[in-house]
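File shown: final_0.csv (CSV, C-alpha atoms).
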```
chain,number,residue,atom,x,y,z
A,28,MET,CA,128.1,146.4,-80.3
A,29,LYS,CA,125.1,148.3,-81.6
A,30,SER,CA,127.5,150.5,-83.7
A,31,LYS,CA,129.0,147.4,-85.3
A,32,VAL,CA,125.6,146.0,-86.1
A,33,THR,CA,124.6,149.3,-87.8
A,34,LYS,CA,127.8,149.3,-89.8
A,35,TYR,CA,127.2,145.7,-90.8
A,36,PHE,CA,123.7,146.4,-92.1
A,37,VAL,CA,124.8,149.6,-94.0
A,38,PHE,CA,127.6,147.6,-95.6
A,39,LEU,CA,125.1,144.8,-96.5
A,40,ILE,CA,122.7,147.3,-98.1
A,41,LEU,CA,125.5,148.8,-100.1
A,42,ILE,CA,126.5,145.4,-101.4
A,43,VAL,CA,122.9,144.5,-102.3
A,44,ASN,CA,122.4,147.8,-104.1
A,45,THR,CA,125.7,147.5,-106.0
A,46,VAL,CA,125.0,143.9,-107.0
A,47,GLY,CA,121.4,144.8,-107.9
A,48,GLY,CA,122.5,147.8,-109.9
A,49,LEU,CA,125.1,145.8,-111.9
A,50,TYR,CA,122.5,143.1,-112.5
A,51,TYR,CA,119.9,145.7,-113.7
A,52,LEU,CA,122.5,147.3,-116.1
A,53,SER,CA,123.1,143.9,-117.6
A,54,LEU,CA,119.4,143.4,-118.5
A,55,THR,CA,117.9,143.9,-122.0
A,56,ASN,CA,115.7,146.8,-122.7
A,57,ARG,CA,112.7,144.5,-122.4
A,58,HIS,CA,113.7,143.1,-119.0
A,59,LYS,CA,114.5,146.6,-117.6
A,60,ALA,CA,111.0,147.6,-118.5
A,61,ILE,CA,109.6,144.6,-116.6
A,62,VAL,CA,111.7,145.5,-113.5
A,63,LYS,CA,110.7,149.2,-113.6
A,64,THR,CA,107.0,148.5,-114.1
A,65,TYR,CA,107.0,145.9,-111.3
A,66,LEU,CA,108.6,148.3,-108.8
A,67,ALA,CA,106.5,151.3,-109.9
A,68,HIS,CA,103.3,149.3,-109.3
A,69,LYS,CA,104.5,147.5,-106.1
A,70,LEU,CA,105.7,150.7,-104.5
A,71,GLY,CA,102.6,152.6,-105.5
A,72,ILE,CA,104.5,155.2,-107.4
A,73,VAL,CA,101.9,155.1,-110.2
A,74,ASP,CA,98.3,153.8,-110.4
A,75,ASN,CA,98.5,150.0,-110.1
A,76,THR,CA,94.8,149.2,-110.2
A,77,TRP,CA,92.6,147.8,-113.0
A,78,HIS,CA,89.3,149.6,-113.6
A,79,ILE,CA,86.8,147.2,-115.0
A,80,THR,CA,83.1,147.8,-115.9
A,81,SER,CA,80.7,145.4,-117.5
A,82,THR,CA,77.2,145.3,-118.9
A,83,ASP,CA,75.2,142.7,-120.7
A,84,HIS,CA,76.7,144.0,-124.0
A,85,SER,CA,80.3,144.8,-123.2
A,86,ILE,CA,83.2,144.8,-120.8
A,87,SER,CA,85.8,147.5,-120.5
A,88,LEU,CA,89.1,147.0,-118.8
A,89,ILE,CA,91.4,150.0,-118.2
A,90,THR,CA,95.0,149.0,-117.3
A,91,PRO,CA,97.2,150.3,-114.5
A,92,THR,CA,99.6,153.1,-115.5
A,93,MET,CA,102.6,152.2,-117.8
A,94,VAL,CA,105.5,154.6,-117.9
A,95,ILE,CA,107.3,155.1,-121.1
A,96,ASP,CA,110.8,156.4,-120.6
A,97,ASN,CA,112.7,155.1,-123.6
A,98,ILE,CA,112.5,153.8,-127.2
A,99,TYR,CA,110.7,150.5,-127.0
A,100,LYS,CA,110.4,148.4,-130.1
A,101,SER,CA,108.1,145.4,-130.4
A,102,MET,CA,108.1,143.1,-127.4
A,103,GLU,CA,110.2,145.5,-125.3
A,104,GLY,CA,107.8,148.0,-123.7
A,105,PRO,CA,106.2,148.0,-120.3
A,106,GLN,CA,103.3,145.6,-120.1
A,107,VAL,CA,100.6,144.4,-117.7
A,108,ILE,CA,98.6,141.2,-117.4
A,109,LYS,CA,95.3,140.3,-115.9
A,110,SER,CA,93.1,137.2,-115.5
A,111,PHE,CA,89.4,138.2,-115.6
A,112,GLN,CA,85.9,137.0,-116.0
A,113,LEU,CA,83.1,138.8,-117.9
A,114,ASN,CA,80.8,138.6,-114.9
A,115,SER,CA,81.7,136.4,-112.0
A,116,GLU,CA,78.2,136.6,-110.6
A,117,LYS,CA,76.7,135.0,-113.7
A,118,SER,CA,77.2,131.6,-115.3
A,119,ASN,CA,75.2,131.9,-118.5
A,120,LEU,CA,76.6,131.6,-122.0
A,121,VAL,CA,77.3,134.7,-124.0
A,122,TRP,CA,79.1,135.5,-127.3
A,123,LEU,CA,82.2,137.6,-127.9
A,124,THR,CA,81.6,139.6,-131.1
A,125,SER,CA,84.0,142.6,-131.2
A,126,PHE,CA,87.4,143.7,-129.8
A,127,GLU,CA,89.0,147.1,-129.4
A,128,THR,CA,92.1,148.5,-127.7
A,129,LYS,CA,93.1,152.1,-127.5
A,130,ALA,CA,95.7,154.2,-125.7
A,131,ILE,CA,94.4,156.8,-123.2
A,132,ASP,CA,96.1,159.3,-120.9
A,133,ASP,CA,96.9,158.6,-117.2
A,134,ASP,CA,93.8,160.4,-116.1
A,135,GLU,CA,91.6,158.2,-118.3
A,136,SER,CA,90.0,161.3,-119.7
A,137,LYS,CA,91.0,161.3,-123.3
A,138,ALA,CA,92.4,159.1,-126.1
A,139,ILE,CA,96.0,159.5,-127.2
A,140,SER,CA,98.0,158.1,-130.1
A,141,ASN,CA,97.7,154.4,-130.7
A,142,ASP,CA,101.3,154.5,-131.6
A,143,PHE,CA,101.9,153.5,-128.0
A,144,ILE,CA,100.1,150.2,-128.4
A,145,CYS,CA,102.4,147.3,-129.3
A,146,HIS,CA,99.7,144.6,-129.0
A,147,THR,CA,96.9,143.4,-126.8
A,148,ASN,CA,96.5,139.7,-126.4
A,149,ILE,CA,93.4,137.9,-125.2
A,150,ASP,CA,93.7,134.2,-124.3
A,151,PHE,CA,91.3,131.6,-123.0
A,152,TYR,CA,92.1,128.7,-120.7
A,153,ASP,CA,91.7,125.7,-123.0
A,154,GLY,CA,91.4,123.2,-120.2
A,155,GLU,CA,88.5,125.0,-118.6
A,156,HIS,CA,86.9,126.2,-121.9
A,157,TYR,CA,86.9,122.9,-123.8
A,158,ALA,CA,86.1,120.7,-120.7
A,159,ARG,CA,82.8,122.6,-120.3
A,160,TRP,CA,81.9,121.5,-123.8
A,161,ASN,CA,83.2,117.9,-123.5
A,162,LEU,CA,85.8,118.6,-126.1
A,163,ASN,CA,88.7,117.3,-124.1
A,164,ASN,CA,90.5,116.1,-127.2
A,165,ARG,CA,91.3,119.8,-128.0
A,166,ILE,CA,93.1,120.6,-124.7
A,167,GLY,CA,96.8,121.3,-125.2
A,168,LEU,CA,96.8,120.9,-129.0
A,169,ARG,CA,97.7,124.6,-129.6
A,170,TYR,CA,98.4,127.8,-127.7
A,171,PRO,CA,94.9,129.1,-126.6
A,172,ARG,CA,95.2,132.6,-128.1
A,173,LEU,CA,91.8,134.0,-128.8
A,174,THR,CA,93.0,137.1,-130.6
A,175,THR,CA,95.4,140.0,-130.8
A,176,MET,CA,94.7,143.6,-131.4
A,177,THR,CA,97.8,145.5,-132.7
A,178,THR,CA,99.0,148.7,-134.2
A,179,GLY,CA,97.1,149.3,-137.4
A,180,ILE,CA,94.2,147.0,-136.4
A,181,GLU,CA,93.2,148.3,-133.0
A,182,SER,CA,89.6,147.2,-133.4
A,183,TYR,CA,87.4,144.8,-135.4
A,184,LYS,CA,84.2,142.8,-135.1
A,185,PHE,CA,83.1,139.4,-136.3
A,186,PRO,CA,80.8,139.3,-139.3
A,187,LYS,CA,77.1,139.4,-138.5
A,188,GLY,CA,75.8,136.1,-137.1
A,189,PHE,CA,79.2,134.8,-135.8
A,190,GLY,CA,80.9,134.9,-132.5
A,191,PHE,CA,83.1,133.0,-129.9
A,192,PRO,CA,81.1,131.4,-127.1
A,193,VAL,CA,82.1,131.8,-123.5
A,194,PHE,CA,80.4,131.6,-120.1
A,195,ASN,CA,80.2,134.8,-118.0
A,196,ASN,CA,82.2,133.2,-115.2
A,197,GLU,CA,84.8,131.6,-117.5
A,198,ASN,CA,88.4,132.7,-117.0
A,199,LEU,CA,90.1,134.8,-119.7
A,200,PHE,CA,93.6,136.2,-119.8
A,201,LEU,CA,94.7,139.6,-121.0
A,202,SER,CA,98.2,141.0,-121.6
A,203,THR,CA,98.8,144.4,-123.2
A,204,GLN,CA,102.2,146.0,-124.0
A,205,THR,CA,103.3,149.5,-124.9
A,206,LEU,CA,105.4,150.6,-127.9
A,207,ASN,CA,107.4,153.7,-128.6
A,208,HIS,CA,109.3,154.1,-131.9
A,209,ASN,CA,109.7,157.9,-132.0
A,210,VAL,CA,109.5,159.9,-128.8
A,211,VAL,CA,113.0,160.4,-127.4
A,212,GLY,CA,114.1,162.2,-124.2
A,213,LYS,CA,110.7,162.3,-122.5
A,214,THR,CA,109.0,160.3,-119.8
A,215,PHE,CA,105.3,160.0,-119.8
A,216,SER,CA,102.5,157.7,-118.7
A,217,VAL,CA,99.9,155.8,-120.7
A,218,LYS,CA,97.1,153.4,-120.1
A,219,HIS,CA,95.3,151.0,-122.4
A,220,GLN,CA,91.5,150.6,-122.5
A,221,ILE,CA,90.3,147.3,-123.9
A,222,ASN,CA,86.7,146.9,-124.9
A,223,ILE,CA,85.0,143.6,-125.7
A,224,GLY,CA,81.6,143.5,-127.3
A,225,LEU,CA,79.1,140.8,-126.2
A,226,GLU,CA,75.8,139.4,-127.4
A,227,LYS,CA,73.3,137.3,-125.5
A,228,HIS,CA,73.1,133.7,-126.5
A,229,HIS,CA,70.7,132.8,-129.3
A,230,LYS,CA,70.6,129.7,-131.5
A,231,SER,CA,71.1,131.4,-134.8
A,232,ILE,CA,74.7,132.6,-134.1
A,233,ARG,CA,77.5,130.4,-135.3
A,234,PRO,CA,80.7,129.7,-133.5
A,235,LEU,CA,84.2,130.5,-134.7
A,236,MET,CA,87.4,128.8,-133.9
A,237,PRO,CA,90.5,131.0,-133.4
A,238,LYS,CA,93.8,129.9,-135.1
A,239,THR,CA,97.1,131.8,-135.2
A,240,VAL,CA,99.5,131.3,-138.2
A,241,MET,CA,102.7,133.2,-138.7
A,242,ILE,CA,105.8,133.6,-140.9
A,243,VAL,CA,108.5,131.5,-139.3
A,244,LEU,CA,112.0,131.3,-140.8
A,245,PRO,CA,114.8,128.8,-140.1
A,246,TYR,CA,117.9,129.7,-138.3
A,247,ASP,CA,121.2,127.9,-137.4
A,248,THR,CA,120.8,126.8,-133.8
A,249,GLU,CA,124.6,126.3,-133.4
A,250,ASN,CA,125.4,129.8,-134.7
A,251,PRO,CA,122.0,131.6,-134.5
A,252,PHE,CA,123.3,135.2,-134.7
A,253,GLU,CA,125.4,134.8,-137.8
A,254,GLY,CA,122.3,135.2,-139.9
A,255,PRO,CA,122.1,134.2,-143.5
A,256,THR,CA,125.4,133.2,-145.0
A,257,GLU,CA,126.6,132.1,-148.5
A,258,GLU,CA,126.3,128.5,-147.3
A,259,ASN,CA,122.9,129.0,-145.7
A,260,PRO,CA,121.2,131.9,-147.6
A,261,ASN,CA,117.7,130.9,-146.4
A,262,MET,CA,118.5,131.2,-142.7
A,263,CYS,CA,117.2,134.2,-140.8
A,264,LEU,CA,118.8,136.3,-138.1
A,265,PRO,CA,116.6,135.9,-135.0
A,266,ILE,CA,116.1,138.7,-132.6
A,267,GLU,CA,116.6,136.2,-129.8
A,268,THR,CA,116.3,132.5,-129.3
A,269,LYS,CA,114.5,132.2,-126.0
A,270,ASN,CA,111.1,133.5,-127.3
A,271,HIS,CA,109.3,133.0,-130.6
A,272,SER,CA,111.3,129.9,-131.5
A,273,TYR,CA,109.5,126.9,-132.8
A,274,THR,CA,110.4,123.3,-133.9
A,275,TYR,CA,108.0,121.6,-136.2
A,276,ASN,CA,107.7,118.0,-137.5
A,277,ASP,CA,110.6,118.5,-139.9
A,278,GLY,CA,113.0,118.9,-136.9
A,279,ILE,CA,114.1,122.4,-138.0
A,280,THR,CA,114.1,125.3,-135.6
A,281,TYR,CA,112.4,128.5,-136.8
A,282,SER,CA,112.0,132.0,-135.5
A,283,GLY,CA,108.9,134.2,-135.6
A,284,HIS,CA,110.8,137.4,-134.7
A,285,TRP,CA,113.7,138.2,-137.0
A,286,VAL,CA,115.8,140.9,-138.5
A,287,VAL,CA,115.0,142.7,-141.7
A,288,PHE,CA,117.9,144.4,-143.5
A,289,PRO,CA,117.6,147.7,-145.3
A,290,GLY,CA,115.8,147.5,-148.7
A,291,GLU,CA,113.0,145.4,-150.1
A,292,ALA,CA,112.5,141.7,-149.2
A,293,THR,CA,109.9,138.9,-149.6
A,294,TYR,CA,109.5,136.1,-147.0
A,295,LYS,CA,107.4,133.0,-147.4
A,296,ALA,CA,106.3,130.3,-145.0
A,297,ASN,CA,104.2,127.1,-145.4
A,298,ILE,CA,101.5,127.2,-142.7
A,299,THR,CA,99.6,124.0,-143.5
A,300,GLU,CA,100.9,122.4,-140.3
A,301,GLN,CA,100.1,125.4,-138.3
A,302,LEU,CA,96.5,125.5,-139.5
A,303,GLN,CA,95.8,121.9,-138.4
A,304,LEU,CA,92.7,121.5,-140.5
A,305,LEU,CA,90.8,118.4,-139.6
A,306,GLU,CA,87.9,119.0,-142.0
A,307,ASP,CA,86.9,121.3,-144.8
A,308,THR,CA,85.6,124.6,-143.4
A,309,THR,CA,85.2,128.3,-144.1
A,310,LEU,CA,87.3,131.2,-142.9
A,311,HIS,CA,85.4,134.3,-141.8
A,312,LEU,CA,87.8,136.8,-140.3
A,313,ILE,CA,91.6,137.6,-140.6
A,314,ALA,CA,93.3,140.2,-138.4
A,315,SER,CA,97.1,140.6,-139.1
A,316,HIS,CA,99.9,141.5,-136.8
A,317,LEU,CA,102.7,143.3,-138.6
A,318,HIS,CA,105.7,145.5,-137.7
A,319,PRO,CA,106.7,148.8,-139.3
A,320,PHE,CA,108.3,148.5,-142.8
A,321,SER,CA,105.8,145.8,-143.8
A,322,GLU,CA,104.0,146.4,-147.0
A,323,SER,CA,101.6,143.4,-147.3
A,324,LEU,CA,100.9,139.9,-145.9
A,325,SER,CA,99.1,137.5,-148.2
A,326,PHE,CA,97.3,134.3,-147.4
A,327,ARG,CA,97.7,131.9,-150.3
A,328,ASP,CA,96.4,128.5,-151.4
A,329,LYS,CA,99.5,126.9,-152.9
A,330,THR,CA,97.5,123.9,-154.2
A,331,ILE,CA,95.5,126.1,-156.7
A,332,ASP,CA,98.1,128.9,-156.8
A,333,SER,CA,95.7,131.5,-155.6
A,334,THR,CA,95.9,134.4,-153.2
A,335,LEU,CA,92.9,134.3,-150.9
A,336,PHE,CA,93.5,137.5,-149.1
A,337,THR,CA,96.1,140.2,-148.9
A,338,SER,CA,96.4,142.4,-145.8
A,339,LYS,CA,97.9,145.7,-146.8
A,340,ALA,CA,100.0,147.9,-144.5
A,341,LYS,CA,100.3,151.7,-144.7
A,342,ASN,CA,103.4,153.1,-143.0
A,343,TYR,CA,103.7,156.7,-141.7
A,344,LYS,CA,106.0,158.8,-143.9
A,345,ASN,CA,107.3,161.2,-141.3
A,346,LYS,CA,107.9,158.7,-138.5
A,347,ILE,CA,108.3,155.0,-137.8
A,348,GLY,CA,105.0,153.1,-137.4
A,349,LEU,CA,102.0,151.6,-139.0
A,350,LYS,CA,99.1,153.9,-139.8
A,351,GLU,CA,96.7,151.2,-141.0
A,352,VAL,CA,96.6,147.5,-141.7
A,353,THR,CA,93.6,146.1,-143.6
A,354,TYR,CA,91.6,143.0,-142.3
A,355,PHE,CA,89.2,140.5,-143.8
A,356,SER,CA,85.6,140.0,-142.5
A,357,SER,CA,82.9,138.0,-144.4
A,358,GLU,CA,79.7,136.3,-143.7
A,359,THR,CA,80.2,134.0,-146.7
A,360,GLY,CA,83.8,133.2,-145.9
A,361,ILE,CA,86.6,131.6,-147.8
A,362,LYS,CA,86.5,127.8,-148.3
A,363,LEU,CA,89.5,125.9,-146.8
A,364,TYR,CA,90.3,122.3,-147.6
A,365,THR,CA,92.2,119.7,-145.6
A,366,ASP,CA,94.0,118.4,-148.7
A,367,HIS,CA,95.4,121.8,-149.8
A,368,ASP,CA,98.7,123.5,-148.8
A,369,TYR,CA,98.7,127.1,-147.6
A,370,GLU,CA,101.3,129.7,-147.2
A,371,LEU,CA,101.9,133.3,-146.0
A,372,VAL,CA,103.9,135.7,-148.2
A,373,LEU,CA,105.3,138.9,-146.6
A,374,LYS,CA,106.6,141.8,-148.5
A,375,THR,CA,108.7,144.4,-146.6
A,376,ASN,CA,110.6,147.6,-147.5
A,377,ASN,CA,113.0,148.7,-144.8
A,378,THR,CA,113.5,152.3,-145.8
A,379,SER,CA,115.6,153.1,-142.8
A,380,LYS,CA,119.4,152.7,-143.0
A,381,ILE,CA,119.6,150.3,-140.1
A,382,ASN,CA,118.3,146.8,-139.3
A,383,GLN,CA,114.8,146.5,-138.0
A,384,ASP,CA,112.8,143.7,-136.4
A,385,MET,CA,109.9,141.9,-138.0
A,386,MET,CA,106.9,139.7,-137.1
A,387,ALA,CA,104.0,138.7,-139.4
A,388,SER,CA,101.0,136.8,-138.1
A,389,MET,CA,97.4,136.3,-139.0
A,390,PHE,CA,94.7,135.6,-136.4
A,391,MET,CA,92.1,133.6,-138.2
A,392,PHE,CA,88.6,132.6,-137.2
A,393,LEU,CA,87.1,129.5,-138.9
A,394,TYR,CA,83.6,128.1,-138.7
A,395,ASP,CA,83.6,125.5,-135.9
A,396,LYS,CA,81.3,122.8,-136.9
A,397,GLU,CA,82.1,120.5,-133.9
A,398,MET,CA,81.3,123.3,-131.5
A,399,ASP,CA,78.1,124.1,-133.4
A,400,GLU,CA,77.0,120.5,-132.7
A,401,ARG,CA,77.8,120.9,-129.0
A,402,LEU,CA,75.9,124.1,-128.8
A,403,LYS,CA,72.7,122.2,-129.8
A,404,THR,CA,73.0,120.3,-126.5
A,405,TYR,CA,73.4,123.5,-124.4
A,406,ASN,CA,70.7,123.9,-121.7
A,407,PRO,CA,70.2,127.5,-120.7
A,408,GLN,CA,68.4,126.4,-117.5
A,409,THR,CA,71.6,124.6,-116.2
A,410,ASP,CA,74.2,126.5,-118.2
A,411,GLU,CA,75.7,123.1,-119.2
A,412,ALA,CA,76.2,121.1,-122.4
A,413,LEU,CA,74.9,117.5,-122.3
```
The structure in this file should be written as structure tokens.
Amino acid sequence: MKSKVTKYFVFLILIVNTVGGLYYLSLTNRHKAIVKTYLAHKLGIVDNTWHITSTDHSISLITPTMVIDNIYKSMEGPQVIKSFQLNSEKSNLVWLTSFETKAIDDDESKAISNDFICHTNIDFYDGEHYARWNLNNRIGLRYPRLTTMTTGIESYKFPKGFGFPVFNNENLFLSTQTLNHNVVGKTFSVKHQINIGLEKHHKSIRPLMPKTVMIVLPYDTENPFEGPTEENPNMCLPIETKNHSYTYNDGITYSGHWVVFPGEATYKANITEQLQLLEDTTLHLIASHLHPFSESLSFRDKTIDSTLFTSKAKNYKNKIGLKEVTYFSSETGIKLYTDHDYELVLKTNNTSKINQDMMASMFMFLYDKEMDERLKTYNPQTDEAL
């Protein structure tokens, strides 16, 4: 009887392993990375801990180990996520003023190439954040992305006198993902170190509102992977349809992650609806997220036919990747108007002989007049707004 039970469990394990193996082989590169990273951390094969240190002026978060064992394009590599607070033991108001992400070795002893950073996203919980300021009308209006640091723009800081207000014990959310365009046939480990600069609260600092705008292109939802055709030359070929697909008020479905073919190309997208300007304001910082083979991303005021800022990308010549992407930072700012139309214009040059993937976003920070009014009611003694 005992022998039959043993044989049964051996047989069951073989079936589970076989089915699991077949399922794993059917996964995309991205989802294989998720499975491998989860198992490596869960089984303790690699360091699965976050190392977090904070002071009154900064917080540093060092990720668990992420193993790179393959070519990973954008949105494919191993990633880790973390909900965190600046300081759970304090409840006072502080200001976020600078952001940095960098790749470091597994020993956390030295920096390595930032080519292994795809992006680092920092989000806030809009329900918690806006409720503390009695701005409940903002909850759920847009995805609460605070910012993204990405290849080419791994660090930046707000212009002097500006910041994003948060409470020390307010919840924030971090996700960071690896990238590998060039290293083949090797397995190695990396970590990401994320540094956020802080300032103590003072009345002279002005609040910024984060907004994300992006190039989105229409695709045929019935035949999404046919790409542009003679009948529909303006359609794009999306990388996938489950993620980065958006339907706006015009009822058309768009993709924010699409294929660029070999050669030069220009892409345009109206972003007026994405901006959601409720009043005239000023724009003080722009950080762009671009992929290799981008040349420039311009923010334009269509109403007055004027280019307000162009983010220029410098590609490596001897490998795939972005060496530098310029960003905009200004105390004076750029004036934006509710009755104007705005667009993004992306120029690419795919110098490879194969199709490549593309995304083009701008993370904008606008003066937040309504929040500024709320800040006047903030009581440092109770850490509350009236």
| remark: CA of Pro289 in chain A to CA of Asn259 in chain A measures 19.4 Å
| said: Could you tell me how far CA of Thr92 in chain A sits from CA of Asp133 in chain A, in Å to one decimal place? | reply: 6.4 Å
| Polymer residues at most 10 Å from Ser101 in chain A, only C-alpha atoms, same-chain spacing of 4 or more positions, as an NGL selection string | :A and (57 or 144-146 or 204-208 or 284 or 318-319 or 384-386)
| field | Proximity to Lys59 in chain A - best of A:Leu264, A:Ile95, A:Ile149, A:Ala130, only C-alpha atoms | value | A:Ile95
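When CA of Arg233 in chain A is paired with CA of Lys396 in chain A, their separation reads 8.6 Å.
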| task | Give me the residues within 9 Å of range 350-355 of chain A as an MDAnalysis selection string, counting all atoms listed in the file and dropping any in the same chain fewer than 3 places off. | result | chainID A and resid 142 178:180 183 311:317 323 336:343
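Compared by their closest atoms to His78 in chain A, and using all atoms listed in the file, the residues A:Gln303, A:Thr90, A:Asn345, A:Thr64 rank with A:Thr90 nearest.
Between Gly104 in chain A and the candidates A:Ile86, A:Val217, A:Leu199, A:Ala158, the tightest atom-to-atom separation, counting only C-alpha atoms, involves A:Val217.
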| query | Could you pull the residues within 8 Å of Gln383 in chain A, counting only C-alpha atoms, minus those fewer than 3 positions along the same chain, as a count of residues only? | reply | 5
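Across A:Ser140, A:Thr309, A:Thr80, A:Thr293, the tightest approach to Pro234 in chain A is made by A:Thr309 when counting only C-alpha atoms.
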| Residues near Glu253 in chain A, cut-off 12 Å, only C-alpha atoms, skip fewer than 5 positions along chain, as a list in words | Tyr246, Asp247, Thr248, Glu258, Asn259, Pro260, Met262, Cys263, Leu264, Pro265, Ile266, Glu267 and Val286 of chain A
| said: From the options A:Ser216, A:Met93, A:Ala138, A:Gly348, which residue's atoms come nearest to Tyr65 in chain A, counting only C-alpha atoms? | reply: A:Met93
| field | Selection near Thr174 in chain A, 8 Å with all atoms listed in the file, sequence-local residues under 5 positions removed, as a ChimeraX atom specification | value | /A:148-150,237,390
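Distances to Ser202 in chain A were evaluated for A:Thr128, A:Ile79, A:Glu257, A:Asn163 using only C-alpha atoms, and the minimum falls at A:Thr128.
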Using the partial input, fill out range 89-107 of chain A with N, CA and C atoms; write the result as an mmCIF file, in the coordinates of the input.
```cif
data_model
loop_
_atom_site.group_PDB
_atom_site.id
_atom_site.type_symbol
_atom_site.label_atom_id
_atom_site.label_comp_id
_atom_site.auth_asym_id
_atom_site.auth_seq_id
_atom_site.Cartn_x
_atom_site.Cartn_y
_atom_site.Cartn_z
ATOM 1 N N ILE A 89 90.400 148.924 -118.092
ATOM 2 C CA ILE A 89 91.400 150.000 -118.200
ATOM 3 C C ILE A 89 92.598 149.548 -117.322
ATOM 4 N N THR A 90 93.766 149.560 -117.913
ATOM 5 C CA THR A 90 95.000 149.000 -117.300
ATOM 6 C C THR A 90 95.509 149.959 -116.195
ATOM 7 N N PRO A 91 96.397 149.437 -115.359
ATOM 8 C CA PRO A 91 97.200 150.300 -114.500
ATOM 9 C C PRO A 91 98.107 151.182 -115.419
ATOM 10 N N THR A 92 98.731 152.172 -114.811
ATOM 11 C CA THR A 92 99.600 153.100 -115.500
ATOM 12 C C THR A 92 100.878 152.365 -116.005
ATOM 13 N N MET A 93 101.276 152.632 -117.232
ATOM 14 C CA MET A 93 102.600 152.200 -117.800
ATOM 15 C C MET A 93 103.398 153.365 -118.151
ATOM 16 N N VAL A 94 104.616 153.412 -117.649
ATOM 17 C CA VAL A 94 105.500 154.600 -117.900
ATOM 18 C C VAL A 94 106.437 154.288 -119.021
ATOM 19 N N ILE A 95 106.417 155.179 -120.001
ATOM 20 C CA ILE A 95 107.300 155.100 -121.100
ATOM 21 C C ILE A 95 108.453 156.085 -120.946
ATOM 22 N N ASP A 96 109.670 155.597 -120.861
ATOM 23 C CA ASP A 96 110.800 156.400 -120.600
ATOM 24 C C ASP A 96 111.985 156.162 -121.568
ATOM 25 N N ASN A 97 111.666 155.487 -122.674
ATOM 26 C CA ASN A 97 112.700 155.100 -123.600
ATOM 27 C C ASN A 97 112.106 154.708 -124.926
ATOM 28 N N ILE A 98 112.942 154.437 -125.908
ATOM 29 C CA ILE A 98 112.500 153.800 -127.200
ATOM 30 C C ILE A 98 112.228 152.366 -126.893
ATOM 31 N N TYR A 99 111.023 151.924 -127.191
ATOM 32 C CA TYR A 99 110.700 150.500 -127.000
ATOM 33 C C TYR A 99 110.126 149.965 -128.308
ATOM 34 N N LYS A 100 110.875 149.047 -128.900
ATOM 35 C CA LYS A 100 110.400 148.400 -130.100
ATOM 36 C C LYS A 100 109.450 147.228 -129.681
ATOM 37 N N SER A 101 108.988 146.477 -130.672
ATOM 38 C CA SER A 101 108.100 145.400 -130.400
ATOM 39 C C SER A 101 108.627 144.427 -129.373
ATOM 40 N N MET A 102 107.773 144.017 -128.440
ATOM 41 C CA MET A 102 108.100 143.100 -127.400
ATOM 42 C C MET A 102 109.021 143.609 -126.328
ATOM 43 N N GLU A 103 109.268 144.921 -126.310
ATOM 44 C CA GLU A 103 110.200 145.500 -125.300
ATOM 45 C C GLU A 103 109.530 146.358 -124.278
ATOM 46 N N GLY A 104 108.401 146.978 -124.570
ATOM 47 C CA GLY A 104 107.800 148.000 -123.700
ATOM 48 C C GLY A 104 107.202 147.486 -122.427
ATOM 49 N N PRO A 105 106.909 148.396 -121.496
ATOM 50 C CA PRO A 105 106.200 148.000 -120.300
ATOM 51 C C PRO A 105 104.856 147.336 -120.634
ATOM 52 N N GLN A 106 104.506 146.331 -119.847
ATOM 53 C CA GLN A 106 103.300 145.600 -120.100
ATOM 54 C C GLN A 106 102.614 145.223 -118.784
ATOM 55 N N VAL A 107 101.329 144.896 -118.867
ATOM 56 C CA VAL A 107 100.600 144.400 -117.700
ATOM 57 C C VAL A 107 99.745 143.235 -118.120
#
```
